[in-house]
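*Asks:* For reference, this is upload.txt, and it has compact mmCIF, C-alpha atoms.
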# COMPACT_ATOMS: atom_id res chain seq x y z
CA MET A 7 -41.54 -43.73 51.30
CA ILE A 8 -37.89 -44.70 51.76
CA SER A 9 -36.97 -43.07 48.44
CA ILE A 10 -38.69 -39.84 49.50
CA LEU A 11 -36.78 -39.92 52.78
CA ILE A 12 -33.47 -40.45 50.95
CA GLN A 13 -34.32 -37.60 48.58
CA ASN A 14 -34.95 -35.21 51.47
CA ILE A 15 -31.74 -36.31 53.20
CA ILE A 16 -29.80 -35.55 49.98
CA PHE A 17 -31.37 -32.07 49.75
CA ALA A 18 -30.64 -31.44 53.44
CA VAL A 19 -26.98 -32.44 52.96
CA LEU A 20 -26.72 -30.15 49.90
CA VAL A 21 -28.20 -27.22 51.79
CA ALA A 22 -25.94 -27.80 54.80
CA GLY A 23 -22.88 -28.27 52.59
CA LEU A 24 -23.54 -25.08 50.64
CA GLY A 25 -24.07 -23.26 53.89
CA PHE A 26 -20.61 -24.31 55.13
CA VAL A 27 -19.06 -23.35 51.76
CA LEU A 28 -20.68 -19.90 51.94
CA LYS A 29 -19.33 -19.45 55.43
CA GLY A 30 -15.86 -20.60 54.36
CA PHE A 31 -15.70 -18.05 51.55
CA ASN A 32 -17.11 -15.32 53.81
CA HIS A 33 -19.83 -14.75 51.17
CA ARG A 34 -17.22 -13.50 48.66
CA ILE A 35 -18.63 -15.72 45.91
CA LYS A 36 -22.13 -14.29 45.47
CA SER A 37 -23.13 -16.92 42.90
CA LEU A 38 -23.08 -19.54 45.69
CA ARG A 39 -25.97 -17.70 47.31
CA LYS A 40 -28.05 -18.17 44.16
CA ILE A 41 -27.22 -21.88 44.08
CA PHE A 42 -27.98 -22.16 47.81
CA ILE A 43 -31.39 -20.47 47.46
CA GLY A 44 -32.11 -22.52 44.31
CA VAL A 45 -31.44 -25.81 46.12
CA VAL A 46 -33.62 -24.70 49.07
CA LEU A 47 -36.47 -23.82 46.67
CA LEU A 48 -36.20 -27.23 45.00
CA TRP A 49 -36.25 -28.87 48.44
CA PHE A 50 -39.40 -26.97 49.42
CA ALA A 51 -40.94 -27.84 46.05
CA SER A 52 -40.39 -31.57 46.69
CA ILE A 53 -42.04 -31.22 50.10
CA PHE A 54 -45.05 -29.37 48.57
CA VAL A 55 -45.42 -32.08 45.90
CA ILE A 56 -45.36 -34.83 48.55
CA ALA A 57 -47.84 -32.98 50.75
CA SER A 58 -50.41 -31.73 48.21
CA GLY A 59 -49.24 -32.73 44.71
CA PHE A 60 -48.44 -30.31 41.93
CA ASN A 61 -49.93 -26.87 42.42
CA LEU A 62 -49.05 -23.24 41.68
CA ILE A 63 -46.67 -22.97 44.66
CA SER A 64 -44.73 -26.17 43.88
CA VAL A 65 -44.41 -25.33 40.15
CA PHE A 66 -43.24 -21.80 40.95
CA SER A 67 -40.67 -23.18 43.42
CA ILE A 68 -39.34 -25.70 40.87
CA VAL A 69 -39.02 -23.13 38.07
CA SER A 70 -37.43 -20.53 40.37
CA GLY A 71 -35.01 -23.10 41.82
CA VAL A 72 -33.87 -24.31 38.39
CA ILE A 73 -33.38 -20.74 37.09
CA LEU A 74 -31.40 -19.67 40.17
CA ASN A 75 -29.18 -22.76 39.93
CA LEU A 76 -28.45 -22.13 36.25
CA LEU A 77 -27.67 -18.44 36.84
CA GLY A 78 -25.48 -19.35 39.79
CA LEU A 79 -23.49 -21.93 37.83
CA ILE A 80 -22.97 -19.51 34.92
CA SER A 81 -21.58 -16.76 37.15
CA LEU A 82 -19.63 -19.15 39.41
CA SER A 83 -16.75 -19.61 36.94
CA LYS A 84 -16.32 -15.85 36.53
CA GLU A 85 -16.24 -15.22 40.28
CA VAL A 86 -13.79 -18.05 40.95
CA LYS A 87 -11.48 -16.62 38.25
CA LEU A 88 -11.67 -13.16 39.84
CA LEU A 89 -11.00 -14.68 43.28
CA ASN A 90 -7.86 -16.39 41.95
CA GLU A 91 -6.65 -13.11 40.44
CA ASN A 92 -7.15 -11.36 43.78
CA ARG A 93 -5.31 -14.19 45.52
CA ASN A 94 -2.39 -13.77 43.11
CA ALA A 95 -2.36 -10.03 43.77
CA GLY A 96 -2.26 -10.80 47.48
CA SER A 97 0.69 -13.14 46.94
CA ILE A 98 2.74 -10.54 45.11
CA GLY A 99 1.86 -8.01 47.79
CA THR A 100 3.06 -10.42 50.48
CA ALA A 101 6.29 -10.98 48.56
CA LEU A 102 6.91 -7.22 48.40
CA ASP A 103 6.19 -6.81 52.11
CA LEU A 104 8.71 -9.56 52.93
CA ILE A 105 11.34 -7.83 50.78
CA LEU A 106 10.72 -4.56 52.67
CA LYS A 107 11.08 -6.38 55.98
CA LYS A 108 14.32 -8.14 55.02
CA THR A 109 15.96 -5.05 53.50
CA GLY A 110 14.77 -2.45 55.99
CA ALA A 111 13.22 -0.34 53.21
CA LYS A 112 10.31 1.93 54.12
CA GLY A 113 8.44 1.34 50.87
CA GLY A 114 8.65 -0.39 47.53
CA ALA A 115 7.02 -0.87 44.18
CA ILE A 116 7.01 -3.52 41.45
CA PHE A 117 7.15 -2.39 37.83
CA TYR A 118 6.22 -4.40 34.77
CA LEU A 119 7.92 -3.69 31.43
CA GLY A 120 5.20 -3.76 28.79
CA ASP A 121 5.53 -4.46 25.09
CA ASP A 122 5.52 -0.69 24.51
CA LYS A 123 8.86 -0.54 26.43
CA ASN A 124 7.26 1.55 29.20
CA TYR A 125 7.17 0.58 32.86
CA ARG A 126 3.85 0.28 34.70
CA CYS A 127 3.47 -0.09 38.44
CA VAL A 128 1.61 -3.31 39.32
CA GLN A 129 2.10 -3.28 43.11
CA LYS A 130 3.27 -0.85 45.78
CA SER A 131 3.58 -0.98 49.54
CA GLY A 132 4.77 1.22 52.43
CA GLU A 133 6.04 4.78 52.27
CA ILE A 134 7.30 5.76 48.86
CA GLU A 135 6.40 9.40 48.40
CA ASP A 136 9.05 11.08 50.56
CA GLY A 137 11.81 8.48 50.55
CA CYS A 138 14.68 8.33 48.08
CA MET A 139 15.28 5.25 45.94
CA MET A 140 17.49 2.81 47.84
CA LEU A 141 17.79 -0.02 45.36
CA SER A 142 16.48 -1.14 41.97
CA LEU A 143 16.34 -4.90 41.40
CA PRO A 144 15.96 -5.87 37.72
CA ILE A 145 13.88 -8.99 37.06
CA TYR A 146 14.81 -11.16 34.09
CA SER A 147 13.13 -14.04 32.32
CA GLY A 148 16.06 -15.76 30.68
CA LYS A 149 18.03 -12.92 29.08
CA ASN A 150 15.01 -10.63 28.72
CA LEU A 151 14.30 -7.83 31.17
CA ILE A 152 10.60 -8.07 32.15
CA GLY A 153 10.37 -5.74 35.14
CA CYS A 154 12.00 -4.52 38.31
CA SER A 155 11.41 -4.07 42.02
CA VAL A 156 12.27 -0.61 43.40
CA LEU A 157 12.87 0.00 47.12
CA TYR A 158 12.56 3.37 48.88
CA GLY A 159 13.87 4.65 52.19
CA ASP A 160 16.23 7.05 53.91
CA LYS A 161 19.44 5.05 53.31
CA PRO A 162 21.66 5.34 50.23
CA PHE A 163 22.00 1.55 49.97
CA VAL A 164 20.99 -1.72 51.64
CA ASP A 165 23.14 -4.61 52.76
CA LEU A 166 21.64 -7.81 51.38
CA ARG A 167 23.01 -11.29 51.87
CA ASP A 168 23.29 -13.36 48.72
CA GLY A 169 20.07 -15.24 48.01
CA GLU A 170 18.16 -13.68 50.93
CA ILE A 171 15.20 -12.53 48.82
CA ASP A 172 15.49 -14.98 45.89
CA GLU A 173 12.21 -16.70 46.80
CA GLU A 174 10.28 -13.44 46.78
CA ILE A 175 11.89 -12.27 43.52
CA ASN A 176 11.03 -15.60 41.87
CA LEU A 177 7.38 -15.19 42.93
CA ILE A 178 7.32 -11.65 41.47
CA LYS A 179 8.97 -12.97 38.28
CA LEU A 180 6.26 -15.63 37.92
CA TYR A 181 3.55 -13.01 38.44
CA ILE A 182 5.03 -10.70 35.77
CA GLU A 183 5.48 -13.61 33.33
CA ASN A 184 1.77 -14.39 33.77
CA LEU A 185 0.95 -10.74 33.02
CA LYS A 186 3.01 -10.89 29.83
CA LEU A 187 1.36 -14.18 28.83
CA ASN A 188 -2.09 -12.66 29.37
CA ASP A 189 -1.07 -9.66 27.23
CA LYS A 190 0.02 -12.01 24.43
CA ILE A 191 -3.23 -13.95 24.61
CA LYS A 192 -5.24 -10.71 24.45
CA SER A 193 -3.08 -9.57 21.55
CA MET A 194 -3.77 -12.83 19.71
CA TYR A 195 -7.53 -12.47 20.21
CA GLU A 196 -7.37 -8.88 18.95
CA TYR A 197 -5.41 -9.90 15.85
CA ILE A 198 -7.80 -12.77 15.10
CA HIS A 199 -10.82 -10.48 15.51
CA LEU A 200 -9.30 -7.80 13.28
CA VAL A 201 -8.22 -10.29 10.63
CA ALA A 202 -11.68 -11.89 10.53
CA HIS A 203 -13.17 -8.43 10.05
CA GLU A 204 -10.67 -7.40 7.35
CA LEU A 205 -11.01 -10.65 5.39
CA ARG A 206 -14.74 -10.18 4.94
CA LYS A 207 -14.38 -7.55 2.21
CA PRO A 208 -12.01 -9.44 -0.15
CA LEU A 209 -13.80 -12.71 0.55
CA THR A 210 -17.12 -11.10 -0.34
CA GLY A 211 -15.51 -9.90 -3.57
CA VAL A 212 -14.26 -13.38 -4.42
CA ILE A 213 -17.69 -14.91 -3.79
CA GLY A 214 -19.49 -12.13 -5.70
CA PHE A 215 -17.31 -12.30 -8.81
CA SER A 216 -17.43 -16.11 -8.73
CA GLU A 217 -21.24 -16.04 -8.63
CA ILE A 218 -21.35 -13.69 -11.61
CA LEU A 219 -18.98 -15.90 -13.59
CA LYS A 220 -21.03 -18.97 -12.77
CA ASP A 221 -24.42 -17.45 -13.65
CA GLU A 222 -23.47 -15.12 -16.51
CA PHE A 223 -20.47 -16.84 -18.06
CA LYS A 224 -22.10 -17.30 -21.48
CA ASN A 225 -23.19 -13.65 -21.62
CA LEU A 226 -19.85 -12.14 -20.62
CA SER A 227 -17.18 -10.96 -23.04
CA GLU A 228 -13.64 -12.30 -22.87
CA LYS A 229 -12.50 -8.91 -21.51
CA ASP A 230 -15.08 -9.04 -18.69
CA ILE A 231 -14.08 -12.59 -17.76
CA VAL A 232 -10.39 -11.65 -17.61
CA GLU A 233 -11.25 -8.61 -15.45
CA PHE A 234 -13.36 -10.66 -13.04
CA LEU A 235 -10.64 -13.31 -12.76
CA SER A 236 -8.07 -10.59 -12.14
CA ASN A 237 -10.22 -9.14 -9.34
CA ILE A 238 -10.62 -12.59 -7.80
CA LYS A 239 -6.84 -13.15 -7.89
CA GLN A 240 -6.17 -9.69 -6.42
CA SER A 241 -8.57 -10.37 -3.53
CA GLY A 242 -7.03 -13.80 -2.98
CA ASP A 243 -3.50 -12.38 -2.98
CA GLY A 244 -4.56 -9.77 -0.42
CA MET A 245 -6.06 -12.40 1.88
CA LEU A 246 -2.99 -14.62 1.51
CA ALA A 247 -0.65 -11.73 2.38
CA THR A 248 -2.74 -10.84 5.45
CA LEU A 249 -2.67 -14.44 6.70
CA ARG A 250 1.08 -14.73 6.01
CA TYR A 251 1.84 -11.54 7.95
CA LEU A 252 -0.42 -12.65 10.78
CA THR A 253 1.33 -16.03 11.01
CA GLU A 254 4.77 -14.41 11.23
CA ILE A 255 3.56 -11.87 13.81
CA MET A 256 2.08 -14.62 15.97
CA GLU A 257 5.29 -16.66 15.79
CA ILE A 258 7.28 -13.66 17.04
CA GLU A 259 4.71 -12.84 19.76
CA LEU A 260 4.85 -16.45 21.00
CA GLY A 261 8.66 -16.54 20.93
CA ARG A 262 8.81 -19.19 18.20
CA HIS A 263 10.56 -17.08 15.56
CA LYS A 264 14.26 -17.95 15.65
CA LEU A 265 16.79 -15.70 13.93
CA LYS A 266 19.49 -17.36 11.82
CA TYR A 267 22.44 -15.02 12.13
CA GLU A 268 25.01 -14.71 9.35
CA ARG A 269 27.39 -12.04 8.12
CA PHE A 270 26.46 -10.36 4.84
CA ASN A 271 26.54 -7.06 2.99
CA PRO A 272 23.18 -5.31 3.57
CA VAL A 273 23.64 -3.25 0.39
CA ASP A 274 23.10 -6.38 -1.71
CA GLU A 275 19.75 -7.07 -0.02
CA VAL A 276 18.60 -3.46 -0.49
CA LYS A 277 19.45 -3.60 -4.21
CA LYS A 278 17.44 -6.83 -4.59
CA VAL A 279 14.36 -5.18 -3.06
CA ILE A 280 14.69 -2.10 -5.29
CA ALA A 281 14.98 -4.36 -8.36
CA TYR A 282 11.79 -6.17 -7.29
CA PHE A 283 9.83 -2.91 -7.47
CA SER A 284 11.45 -1.75 -10.73
CA ASP A 285 8.24 -2.11 -12.77
CA GLU A 286 6.19 -0.05 -10.31
CA ILE A 287 8.98 2.52 -10.02
CA GLU A 288 9.05 2.86 -13.80
CA ARG A 289 5.26 3.04 -14.09
CA LYS A 290 5.05 5.91 -11.58
CA LYS A 291 8.19 7.53 -13.09
CA LEU A 292 9.93 7.64 -9.71
CA ASN A 293 13.53 8.73 -9.29
CA VAL A 294 15.42 6.53 -6.79
CA GLU A 295 18.48 8.07 -5.16
CA PHE A 296 20.65 5.39 -3.55
CA GLU A 297 23.41 6.46 -1.15
CA VAL A 298 25.38 3.70 0.59
CA GLU A 299 28.63 3.31 2.47
CA ASP A 300 30.95 0.75 0.92
CA ASN A 301 32.24 -2.38 2.66
CA ILE A 302 29.54 -2.65 5.34
CA GLU A 303 28.96 -6.04 6.92
CA ILE A 304 26.13 -6.82 9.31
CA GLU A 305 25.50 -9.88 11.47
CA ALA A 306 21.77 -10.52 11.24
CA ASP A 307 19.08 -12.79 9.85
CA ARG A 308 19.32 -12.21 6.09
CA LYS A 309 15.70 -13.16 5.34
CA SER A 310 14.33 -10.97 8.15
CA PHE A 311 16.52 -8.04 7.10
CA GLY A 312 15.23 -8.38 3.55
CA GLY A 313 11.67 -8.42 4.91
CA ILE A 314 12.27 -5.19 6.85
CA VAL A 315 13.72 -3.44 3.79
CA TYR A 316 10.86 -4.76 1.64
CA GLN A 317 8.21 -3.22 3.89
CA LEU A 318 9.83 0.22 4.00
CA VAL A 319 10.56 0.38 0.25
CA SER A 320 7.12 -1.05 -0.57
CA ASN A 321 5.39 1.69 1.43
CA ALA A 322 7.59 4.39 -0.13
CA VAL A 323 6.72 3.22 -3.66
CA LYS A 324 3.05 2.73 -2.84
CA PHE A 325 2.49 6.15 -1.27
CA SER A 326 4.80 8.19 -3.51
CA LEU A 327 3.22 10.60 -5.97
CA ASP A 328 4.12 10.23 -9.64
CA ASN A 329 7.33 11.91 -10.86
CA THR A 330 8.79 12.27 -7.35
CA THR A 331 11.98 11.05 -5.67
CA ILE A 332 12.63 8.23 -3.21
CA LYS A 333 15.91 8.60 -1.32
CA ILE A 334 17.45 5.47 0.23
CA THR A 335 20.55 5.72 2.44
CA LEU A 336 22.53 3.07 4.27
CA HIS A 337 25.65 3.73 6.36
CA ARG A 338 27.36 2.98 9.66
CA ASN A 339 26.30 4.84 12.80
CA GLY A 340 28.70 3.84 15.59
CA GLU A 341 28.10 0.15 16.38
CA TYR A 342 24.96 0.12 14.27
CA VAL A 343 23.91 0.27 10.64
CA GLU A 344 21.42 3.00 9.80
CA PHE A 345 18.90 2.53 7.00
CA ARG A 346 16.62 5.36 5.83
CA VAL A 347 13.87 5.54 3.22
CA ARG A 348 12.44 8.98 2.36
CA ASP A 349 9.59 9.58 -0.07
CA GLU A 350 7.77 12.63 -1.42
CA GLY A 351 4.34 11.11 -1.07
CA ILE A 352 1.09 11.92 0.66
CA GLY A 353 2.60 11.88 4.15
CA ILE A 354 0.89 11.13 7.45
CA ARG A 355 -1.29 13.40 9.58
CA SER A 356 0.13 14.06 13.06
CA GLU A 357 -3.01 12.66 14.71
CA ASP A 358 -2.30 9.33 13.00
CA PHE A 359 1.31 8.96 14.20
CA ASP A 360 0.41 6.62 17.06
CA LYS A 361 -1.47 4.29 14.67
CA ILE A 362 1.40 3.60 12.25
CA PHE A 363 2.76 0.49 13.97
CA LYS A 364 -0.64 -0.93 14.87
CA PRO A 365 -2.57 -3.52 12.82
CA PHE A 366 -5.37 -2.28 10.56
CA PRO A 367 -4.95 1.43 11.34
CA LYS A 368 -7.83 3.69 10.44
CA ILE A 369 -5.78 6.37 8.65
CA LYS A 370 -7.39 9.01 6.46
CA THR A 371 -5.66 8.54 3.11
CA HIS A 372 -6.82 7.76 -0.40
CA LEU A 373 -5.04 4.39 -0.06
CA SER A 374 -5.76 1.59 2.35
CA GLY A 375 -3.93 -1.38 3.80
CA SER A 376 -3.85 -3.78 6.72
CA GLY A 377 -0.76 -2.17 8.30
CA LEU A 378 0.47 -5.65 9.24
CA GLY A 379 3.62 -5.15 7.15
CA LEU A 380 4.87 -2.31 9.34
CA VAL A 381 3.84 -4.19 12.49
CA LEU A 382 5.95 -7.14 11.31
CA ALA A 383 8.87 -4.88 10.36
CA LYS A 384 8.87 -3.29 13.83
CA LEU A 385 8.82 -6.69 15.55
CA LEU A 386 11.70 -7.97 13.39
CA VAL A 387 13.77 -4.84 14.06
CA GLU A 388 13.23 -5.14 17.82
CA LEU A 389 13.96 -8.89 17.68
CA HIS A 390 17.41 -7.95 16.32
CA GLY A 391 17.88 -5.48 19.18
CA GLY A 392 17.29 -2.42 16.99
CA GLU A 393 14.92 0.52 16.76
CA ILE A 394 12.56 1.91 14.14
CA ASP A 395 11.01 5.37 13.94
CA PHE A 396 9.73 7.84 11.37
CA GLU A 397 9.14 11.48 10.53
CA SER A 398 6.35 12.73 8.31
CA GLU A 399 4.61 15.88 7.14
CA PHE A 400 1.19 15.55 5.60
CA GLY A 401 1.24 16.39 1.92
CA LYS A 402 5.05 16.40 1.69
CA GLY A 403 6.20 12.86 2.45
CA SER A 404 7.63 10.55 5.09
CA GLU A 405 10.97 9.12 6.18
CA PHE A 406 11.37 5.80 7.99
CA ARG A 407 14.62 5.03 9.81
CA ILE A 408 15.94 1.85 11.36
CA LEU A 409 19.03 1.15 13.47
CA LEU A 410 20.34 -2.41 13.65
CA PRO A 411 23.40 -3.68 15.56
CA LEU A 412 26.36 -4.53 13.34
CA LYS A 413 27.10 -7.53 15.56
CA GLN A 414 24.88 -10.07 17.28
CA GLY A 415 24.35 -9.38 20.99
CA SER A 416 24.30 -5.57 20.91
CA ARG A 417 20.92 -4.17 21.86
CA LEU A 418 19.43 -0.70 22.05
CA GLY A 419 17.46 0.67 24.99
CA GLU A 420 17.91 -2.02 27.64
CA SER A 421 18.97 0.22 30.53
CA VAL A 422 16.98 -0.29 33.70
CA GLU A 423 17.50 3.35 34.67
CA LYS A 424 14.49 4.86 32.90
CA GLU A 425 12.48 7.87 33.91
CA ILE A 426 9.21 6.04 33.37
CA PHE A 427 8.51 4.89 36.93
CA GLU A 428 4.95 6.21 37.06
CA PHE A 429 2.28 4.98 39.44
CA ASN A 430 -0.79 4.14 37.35
Will you turn the file into structure tokens for me?

*Replies:*
Amino acid sequence: MISILIQNIIFAVLVAGLGFVLKGFNHRIKSLRKIFIGVVLLWFASIFVIASGFNLISVFSIVSGVILNLLGLISLSKEVKLLNENRNAGSIGTALDLILKKTGAKGGAIFYLGDDKNYRCVQKSGEIEDGCMMLSLPIYSGKNLIGCSVLYGDKPFVDLRDGEIDEEINLIKLYIENLKLNDKIKSMYEYIHLVAHELRKPLTGVIGFSEILKDEFKNLSEKDIVEFLSNIKQSGDGMLATLRYLTEIMEIELGRHKLKYERFNPVDEVKKVIAYFSDEIERKKLNVEFEVEDNIEIEADRKSFGGIVYQLVSNAVKFSLDNTTIKITLHRNGEYVEFRVRDEGIGIRSEDFDKIFKPFPKIKTHLSGSGLGLVLAKLLVELHGGEIDFESEFGKGSEFRILLPLKQGSRLGESVEKEIFEFN
């Protein structure tokens, strides 16, 4: 009897406690309602069992209570996560409102600089439609520009005391850094998912050819065995290259790839890459025109520069038609070195332009590839503070162009004054 009394006291405390929690959260976490009702049902079930033993009502109450508790616990984590995100959004909104109050601005907005180098509005407050821009406050994480706070009003400038809004700017900086971290995590998951999908085909080939060799080895000719082994090696090499590219991409995305700067002649590295593809160039009877400016020196990571050149020349050779010309040029362009690779290959359709620097692009050509090489090349170019772009006409060929600073520290495209302040 005492144990039954203690059991009912425990249930009563749970019900009362959940009731206070529900009230404290103003019913924002709906999963708590399920848990609350589930506990009440289990309490009633215990009373029914004590009063009249197990029957249809008590069994139904127990099953319903258990199910509601399980559903409530499953959805509780999701709702708490969403509540935290809303609380963070409220914090950044409060920070912006305090900045408006301290500066006398009528309105303001916070912009986040994405990996695509475009600004996206993540928070706005006050009147911003009719007012002119009073002040733009760049937000840095170390030396990297990650966003900015823009203030609007009817004054040409604001008079701010040193350090007056540092606390608010630091809060905004933390919020934007979290956004960038979330983007990187999502990017990692996407890469892993895509790689797992792409590795299935070559891995299936390896397993299939291995099974044939194991079961039919005695019945196969020497030529067939060599061909099967060659196919297995080709599939293995493809998987290894995919994993190697993915590893390097992830290191750059996570900020772990460190450049080792040194001064060298980039012409030497370009010649090494061309020599590497000499057999393929000869097989396809390609004519390579090489135009370079003498006595160029660049301050960069030699290995990374070689990797960039390798990807562009590799694509040119791979996609070139037989008996055509590849033109490679390298010369100074102001404070930068400009490197171009033009081929007379199959070219790229205009509708596929936005897929070129994305992993595993679904491009309609007679050749296929993971696309990770160009993704890696783009990341390495941007890590050096440079730019990469291309021009192409389907059926006539493509030209890829990179600009890299001649000296360490020069960077392209880091001006805060961009006409990309759009409210999304």

*Asks:* Tell me, counting all atoms listed in the file, for each residue of range 235-295 of chain A within 6 Å of range 302-310 of chain A, which pair of atoms is nearest and how far apart they are in Å to one decimal, in rows ordered by chain and increasing number, as JSON lines.

*Replies:*
{"residue": "A:Leu265", "atom": "CA", "partner": "A:Asp307", "partner_atom": "CA", "distance": 5.5}
{"residue": "A:Lys266", "atom": "CA", "partner": "A:Asp307", "partner_atom": "CA", "distance": 5.0}
{"residue": "A:Tyr267", "atom": "CA", "partner": "A:Asp307", "partner_atom": "CA", "distance": 4.6}
{"residue": "A:Glu268", "atom": "CA", "partner": "A:Glu305", "partner_atom": "CA", "distance": 5.3}
{"residue": "A:Arg269", "atom": "CA", "partner": "A:Glu305", "partner_atom": "CA", "distance": 4.4}
{"residue": "A:Phe270", "atom": "CA", "partner": "A:Glu303", "partner_atom": "CA", "distance": 5.4}
{"residue": "A:Asn271", "atom": "CA", "partner": "A:Glu303", "partner_atom": "CA", "distance": 4.7}

*Asks:* Between A:Ser356, A:Ser404, A:Ser241, A:Ser284, which one has atoms that come closest to Leu327 in chain A, using all atoms listed in the file?

*Replies:* A:Ser404

*Asks:* CA of Asp172 in chain A and CA of Leu157 in chain A, how far apart in Å?

*Replies:*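 CA of Asp172 in chain A lies 15.3 Å from CA of Leu157 in chain A.
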
*Asks:* Hey, what's within 7 Å of Arg348 in chain A if we count all atoms listed in the file and toss same-chain stuff fewer than 3 positions away? As a ChimeraX atom specification, please?

*Replies:* /A:332-334,404-406

*Asks:* Quick one: residues within 12 Å of range 108-110 of chain A, all atoms listed in the file counted, chain neighbours fewer than 2 positions away excluded, as an NGL selection string?

*Replies:* :A and (101-106 or 112-114 or 132-133 or 140-141 or 156-167 or 169-172 or 174)

*Asks:* Could the residues in this selection be written to a file with C-alpha atoms, as a PDB file, keeping the file's coordinate frame?

*Replies:*
ATOM      1  CA  ALA A 101       6.290 -10.980  48.560  1.00  0.00           C
ATOM      2  CA  LEU A 102       6.910  -7.220  48.400  1.00  0.00           C
ATOM      3  CA  ASP A 103       6.190  -6.810  52.110  1.00  0.00           C
ATOM      4  CA  LEU A 104       8.710  -9.560  52.930  1.00  0.00           C
ATOM      5  CA  ILE A 105      11.340  -7.830  50.780  1.00  0.00           C
ATOM      6  CA  LEU A 106      10.720  -4.560  52.670  1.00  0.00           C
ATOM      7  CA  LYS A 112      10.310   1.930  54.120  1.00  0.00           C
ATOM      8  CA  GLY A 113       8.440   1.340  50.870  1.00  0.00           C
ATOM      9  CA  GLY A 114       8.650  -0.390  47.530  1.00  0.00           C
ATOM     10  CA  GLY A 132       4.770   1.220  52.430  1.00  0.00           C
ATOM     11  CA  GLU A 133       6.040   4.780  52.270  1.00  0.00           C
ATOM     12  CA  MET A 140      17.490   2.810  47.840  1.00  0.00           C
ATOM     13  CA  LEU A 141      17.790  -0.020  45.360  1.00  0.00           C
ATOM     14  CA  VAL A 156      12.270  -0.610  43.400  1.00  0.00           C
ATOM     15  CA  LEU A 157      12.870   0.000  47.120  1.00  0.00           C
ATOM     16  CA  TYR A 158      12.560   3.370  48.880  1.00  0.00           C
ATOM     17  CA  GLY A 159      13.870   4.650  52.190  1.00  0.00           C
ATOM     18  CA  ASP A 160      16.230   7.050  53.910  1.00  0.00           C
ATOM     19  CA  LYS A 161      19.440   5.050  53.310  1.00  0.00           C
ATOM     20  CA  PRO A 162      21.660   5.340  50.230  1.00  0.00           C
ATOM     21  CA  PHE A 163      22.000   1.550  49.970  1.00  0.00           C
ATOM     22  CA  VAL A 164      20.990  -1.720  51.640  1.00  0.00           C
ATOM     23  CA  ASP A 165      23.140  -4.610  52.760  1.00  0.00           C
ATOM     24  CA  LEU A 166      21.640  -7.810  51.380  1.00  0.00           C
ATOM     25  CA  ARG A 167      23.010 -11.290  51.870  1.00  0.00           C
ATOM     26  CA  GLY A 169      20.070 -15.240  48.010  1.00  0.00           C
ATOM     27  CA  GLU A 170      18.160 -13.680  50.930  1.00  0.00           C
ATOM     28  CA  ILE A 171      15.200 -12.530  48.820  1.00  0.00           C
ATOM     29  CA  ASP A 172      15.490 -14.980  45.890  1.00  0.00           C
ATOM     30  CA  GLU A 174      10.280 -13.440  46.780  1.00  0.00           C
TER      31      GLU A 174
END

*Asks:* Could you tell me how far CA of Phe400 in chain A lies from CA of Phe359 in chain A, in Å and to one decimal?

*Replies:*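 Interatomic distance, CA of Phe400 in chain A to CA of Phe359 in chain A: 10.8 Å.
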
*Asks:* So how many Å separate CA of Lys278 in chain A and CA of Val323 in chain A, to one decimal?

*Replies:*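 According to the coordinates, CA of Lys278 in chain A and CA of Val323 in chain A are separated by 14.7 Å.
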
*Asks:* With distances taken over only C-alpha atoms, which of A:Gly353, A:Gly153, A:Pro208, A:Gly214 is nearest to Glu183 in chain A?

*Replies:*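 Once distances to Glu183 in chain A are computed over only C-alpha atoms, the minimum belongs to A:Gly153.
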
*Asks:* Would you mind telling me which residue in A:Val381, A:Gly120, A:Leu74, A:Thr330 lies nearest to Ile258 in chain A when using all atoms listed in the file?

*Replies:*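 Among the listed residues, A:Val381 lies closest to Ile258 in chain A.
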
*Asks:* Smallest atom-to-atom distance to Gln129 in chain A: which of A:Gly340, A:Gly99, A:Pro272, A:Gly351, using all atoms listed in the file?

*Replies:* A:Gly99

*Asks:* Check the smallest atom-to-atom distance from each of A:Leu119, A:Ile362, A:Ile231, A:Leu385 to Ser398 in chain A using all atoms listed in the file, then report the winner.

*Replies:* A:Ile362

*Asks:* For a quick check of understanding, using all atoms listed in the file, which of A:Val298, A:Leu205, A:Leu226, A:Val279 has the smallest distance to Asp243 in chain A?

*Replies:*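 Closest residue, counting all atoms listed in the file: A:Leu205.
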
*Asks:* For Gly244 in chain A, find every residue with an atom within 10 Å (counting all atoms listed in the file), except residues of its own chain fewer than 4 positions away, and show them as a list of chain:residue names.

*Replies:* A:Leu205, A:Pro208, A:Leu209, A:Ile238, A:Lys239, A:Gln240, A:Thr248, A:Leu249, A:Arg250, A:Gly375, A:Ser376
